[in-house]
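Inspection log for the structure reproduced underneath, given as structure tokens.
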Amino acid sequence: MNKLKMHSPDLTQANIDKLAELFPNCVVESRDTKGGATRSIDFDLLRQELTGRIVEGPQERYQLNWPGKREALLTANAPIAKTLRPCREESVDFDTTQNLFIEGDNLDALKLLQETYLNKVKLIYIDPPYNTGRDFIYDDDYSDDAESYLIRSNQADASGSRLVANTDANGRFHSDWLSMIYARLKLARNLLRDDGVMFISIDDNEVDNLRKVCSEVFGEQNFIAQIIWQKVFSPKNSAKWFSEDHDYVLVYAKSADQWAPNLLPQTEEMRARYKNPDNDPRGPWASSDLAARNRYDAGLYPVTCPSGRVIDGPPRGSYWRFSEASFTKLAQEKRIWWGEGGNNMPRLKRFLSEVQQGRTPQTLWLYKEVGHTQDAKKTLLKYVPFQETENVLNSVKPVELLQRILQLAGKPDDNSIILDFFSGSASTAHAVLKQNFEDGGNRRFIGVQIAEPLPKPEPGLGSIFEMGLTRVRNYGAEVRGQVDVAKLDLGFRVLKIDSSNMKDVFYTPDAVAQDQLFDQVNNIHEDRTAEDLLFQVLLDWGVDLALPIAKETISDKTVYFVDGNALAACFDEGVSEEFVKLLAKREPLRVVFRDAGFATDSVKINVEQIFKLMSPSTEVKTL
């Protein structure tokens, strides 16, 4: 029986619990005054989380540490002044699809998605560079403080992240990789729902470090499993020591208390074990042993077979699993199998209709069930017509592997968002469409891939990103003739990371020359379209980037309506009071205009008053 506390709440521990939810990496183990283990806060790390510059202090000491860890944390938290620009010509079903492909540095992409998809992503799967010395990693710039980083990232020719070869000659071989993955994992965790989960493919090179980093970012208590995937079907005789036949898939939940894997479908082999030799009306059954070696004093008694033979008790050293009364009841219900002659050692009948309708997932995934690397390459070749074999990625994952993850992670019909920010050849996007096709689900995907060139020039394919688009486009074309397209989303919107649509405004008054004054009136870059501005508004307002968009003409002005009346946007010039009144009659939840788009200053002043009178619930903004 639990005792009353007999004291007021421990507010210190309550505060630590709250901080642990926000910053799990700042929770450390320490010793209390009695020498016992307790939780406390690493204030140096907490200070770093709450400041925009590198905090000088004691050397990092908790869990995994490496040169550049503080800079990686700073970079993860630093803002950027970039945007996403829509690309209709590369998209499929742009106006109606809920799927997104984003081209650009995934660190920038994760930052841009923070407001829009905060706590909304059900599953994140990534297949990052394995740091083998032959692949590439993202070389992030850690040299600027937050303010300089913001200004620098707003330039059209700004230096973003770069892909560099991470060879053994690099003095920071592990450190570069750790800094790269650490910053991205911290941002990715924010996007997960409370019942969300993350799966990460990795091999032996960094699996230990990755697990330590994930435990710091997600909290060690949210570790779920380290899955072994058999990636090849035959040994590599050319191996120097051992043939490496497997990779790993690490699984971490946002909250282990709120996520559990779905059961997998029963295999034909499992169902074949159930038969019905006695024509039991309850259907097929399988028998199991009634004796066990665990001590159970009530499980020692004789039983009488239907044939009349008396069995003195269970085999020596074992016990019946049930008491004598329970055994008698089971026999009366004809749940005991004595063999066809009624003379065998009793066994318990377990009916197929009563057992768990599925199988618990295991941590060993064999290629016979989830595919291997050669399967993955064949699938890629089917949908992407390569002319250069070197362009077939060695790290591509089989669609079946990704489908297994989708089956475990969530329900088919809960409109889950699936994010892959190392999209590569778009295996995840392909798997989402294929799984939806097979089970009627409505999952959505967001794929992010940097504009990395192919190993060799390829006609019609300029980058790995374009390769992924081609793959998904061709798979969608194959499926369209087989299903009701209205019920299956086979399209995608292509968005590309670019500098902000807004011109530089980082001038002090005395630094602006007279001939620059007119240029300051129009604060938007000349090469940007109205749709470019619309998507920056969606980002700034935290609106789903996949909502349907309709374009209408009202009083000779182009107006974009997002998700019906959720948002109305007009970026034309010469906006009059008459037009504003017509728009206000539509009563949108939000409306946005171009700051320099009003016909006169008086119109600009009167806009809010017009909406207060005609549509008081509308939120009005300008850019």
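Please note that chains go A, B, ... in the order of the structure tokens, that every chain numbers its residues from 1, and that ligands are numbered from 1 in the order shown.
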Those of stretch 215-342 of chain A in DSSP strand (DSSP E), formatted as a count of residues only | 31
Check the DSSP output for the backbone and give back, as a PyMOL selection string, the residues of stretch 285-472 of chain A in alpha helix (DSSP H).
-> chain A and resi 324-332+367-370+373-383+399-409+427-439+464-472
Within 7 Å of stretch 363-372 of chain A using only C-alpha atoms, minus same-chain residues under 6 positions, as a list in words = Gln226, Ile227, Ile228, Trp229, Gln230, Lys231, Val232, Phe233, Pro398, Glu400, Leu401 and Arg404 of chain A
Export of prior selection with all heavy atoms as a short mmCIF file (atom, residue, chain, number, x, y, z; two decimals), in the first residue's frame:
```cif
data_model
loop_
_atom_site.label_atom_id
_atom_site.label_comp_id
_atom_site.auth_asym_id
_atom_site.auth_seq_id
_atom_site.Cartn_x
_atom_site.Cartn_y
_atom_site.Cartn_z
N GLN A 226 16.69 -1.63 -31.72
CA GLN A 226 17.76 -1.58 -32.70
C GLN A 226 17.58 -2.80 -33.60
O GLN A 226 17.94 -3.91 -33.26
CB GLN A 226 19.13 -1.59 -32.02
CG GLN A 226 20.30 -1.49 -33.00
CD GLN A 226 21.62 -1.22 -32.29
OE1 GLN A 226 21.70 -0.34 -31.44
NE2 GLN A 226 22.65 -1.96 -32.66
N ILE A 227 16.99 -2.55 -34.76
CA ILE A 227 16.61 -3.63 -35.67
C ILE A 227 17.80 -4.02 -36.55
O ILE A 227 18.58 -3.16 -36.96
CB ILE A 227 15.42 -3.18 -36.55
CG1 ILE A 227 14.20 -2.90 -35.66
CG2 ILE A 227 15.09 -4.20 -37.62
CD1 ILE A 227 13.13 -2.09 -36.35
N ILE A 228 17.93 -5.30 -36.80
CA ILE A 228 18.94 -5.80 -37.73
C ILE A 228 18.24 -6.16 -39.03
O ILE A 228 17.30 -6.97 -39.05
CB ILE A 228 19.65 -7.05 -37.15
CG1 ILE A 228 20.40 -6.68 -35.86
CG2 ILE A 228 20.62 -7.64 -38.17
CD1 ILE A 228 20.97 -7.86 -35.14
N TRP A 229 18.67 -5.53 -40.12
CA TRP A 229 18.11 -5.82 -41.45
C TRP A 229 19.14 -6.59 -42.27
O TRP A 229 20.25 -6.11 -42.49
CB TRP A 229 17.72 -4.50 -42.15
CG TRP A 229 17.47 -4.68 -43.62
CD1 TRP A 229 16.66 -5.61 -44.21
CD2 TRP A 229 18.04 -3.91 -44.69
NE1 TRP A 229 16.69 -5.46 -45.58
CE2 TRP A 229 17.52 -4.43 -45.90
CE3 TRP A 229 18.92 -2.83 -44.74
CZ2 TRP A 229 17.87 -3.91 -47.14
CZ3 TRP A 229 19.27 -2.31 -45.98
CH2 TRP A 229 18.74 -2.85 -47.16
N GLN A 230 18.77 -7.76 -42.73
CA GLN A 230 19.62 -8.56 -43.59
C GLN A 230 19.57 -7.96 -44.99
O GLN A 230 18.62 -8.18 -45.73
CB GLN A 230 19.15 -10.02 -43.61
CG GLN A 230 20.07 -10.95 -44.37
CD GLN A 230 19.50 -12.36 -44.46
OE1 GLN A 230 18.32 -12.59 -44.23
NE2 GLN A 230 20.37 -13.32 -44.77
N LYS A 231 20.61 -7.25 -45.37
CA LYS A 231 20.56 -6.46 -46.60
C LYS A 231 21.05 -7.19 -47.84
O LYS A 231 20.86 -6.70 -48.96
CB LYS A 231 21.36 -5.17 -46.42
CG LYS A 231 22.86 -5.37 -46.23
CD LYS A 231 23.56 -4.03 -46.07
CE LYS A 231 25.07 -4.20 -45.88
NZ LYS A 231 25.76 -2.90 -45.76
N VAL A 232 21.73 -8.31 -47.67
CA VAL A 232 22.24 -9.07 -48.83
C VAL A 232 21.77 -10.51 -48.72
O VAL A 232 21.48 -11.01 -47.63
CB VAL A 232 23.77 -9.01 -48.93
CG1 VAL A 232 24.24 -7.59 -49.14
CG2 VAL A 232 24.42 -9.61 -47.69
N PHE A 233 21.69 -11.20 -49.87
CA PHE A 233 21.20 -12.57 -49.88
C PHE A 233 22.31 -13.60 -50.04
O PHE A 233 22.05 -14.79 -50.01
CB PHE A 233 20.15 -12.75 -50.98
CG PHE A 233 20.66 -12.43 -52.37
CD1 PHE A 233 21.29 -13.39 -53.13
CD2 PHE A 233 20.49 -11.16 -52.90
CE1 PHE A 233 21.76 -13.10 -54.39
CE2 PHE A 233 20.96 -10.86 -54.16
CZ PHE A 233 21.60 -11.82 -54.92
N PRO A 398 15.20 -0.93 -50.22
CA PRO A 398 14.05 -1.56 -50.89
C PRO A 398 12.73 -0.96 -50.42
O PRO A 398 12.58 -0.62 -49.24
CB PRO A 398 14.17 -3.04 -50.49
CG PRO A 398 15.06 -3.07 -49.31
CD PRO A 398 15.94 -1.87 -49.37
N GLU A 400 10.05 -2.50 -49.98
CA GLU A 400 9.43 -3.40 -49.00
C GLU A 400 9.90 -3.09 -47.58
O GLU A 400 9.12 -3.22 -46.62
CB GLU A 400 9.76 -4.85 -49.35
CG GLU A 400 9.16 -5.35 -50.65
CD GLU A 400 9.95 -4.91 -51.87
OE1 GLU A 400 11.05 -4.30 -51.71
OE2 GLU A 400 9.48 -5.17 -52.99
N LEU A 401 11.15 -2.69 -47.42
CA LEU A 401 11.65 -2.31 -46.10
C LEU A 401 10.91 -1.10 -45.57
O LEU A 401 10.48 -1.07 -44.41
CB LEU A 401 13.15 -2.01 -46.19
CG LEU A 401 13.81 -1.49 -44.90
CD1 LEU A 401 13.92 -2.60 -43.87
CD2 LEU A 401 15.20 -0.93 -45.20
N ARG A 404 7.34 -2.00 -44.54
CA ARG A 404 7.30 -2.60 -43.20
C ARG A 404 7.28 -1.52 -42.13
O ARG A 404 6.50 -1.59 -41.16
CB ARG A 404 8.50 -3.53 -43.02
CG ARG A 404 8.79 -3.98 -41.58
CD ARG A 404 7.71 -4.87 -41.01
NE ARG A 404 7.55 -6.10 -41.74
CZ ARG A 404 8.28 -7.20 -41.51
NH1 ARG A 404 9.23 -7.21 -40.58
NH2 ARG A 404 8.06 -8.29 -42.21
#
```
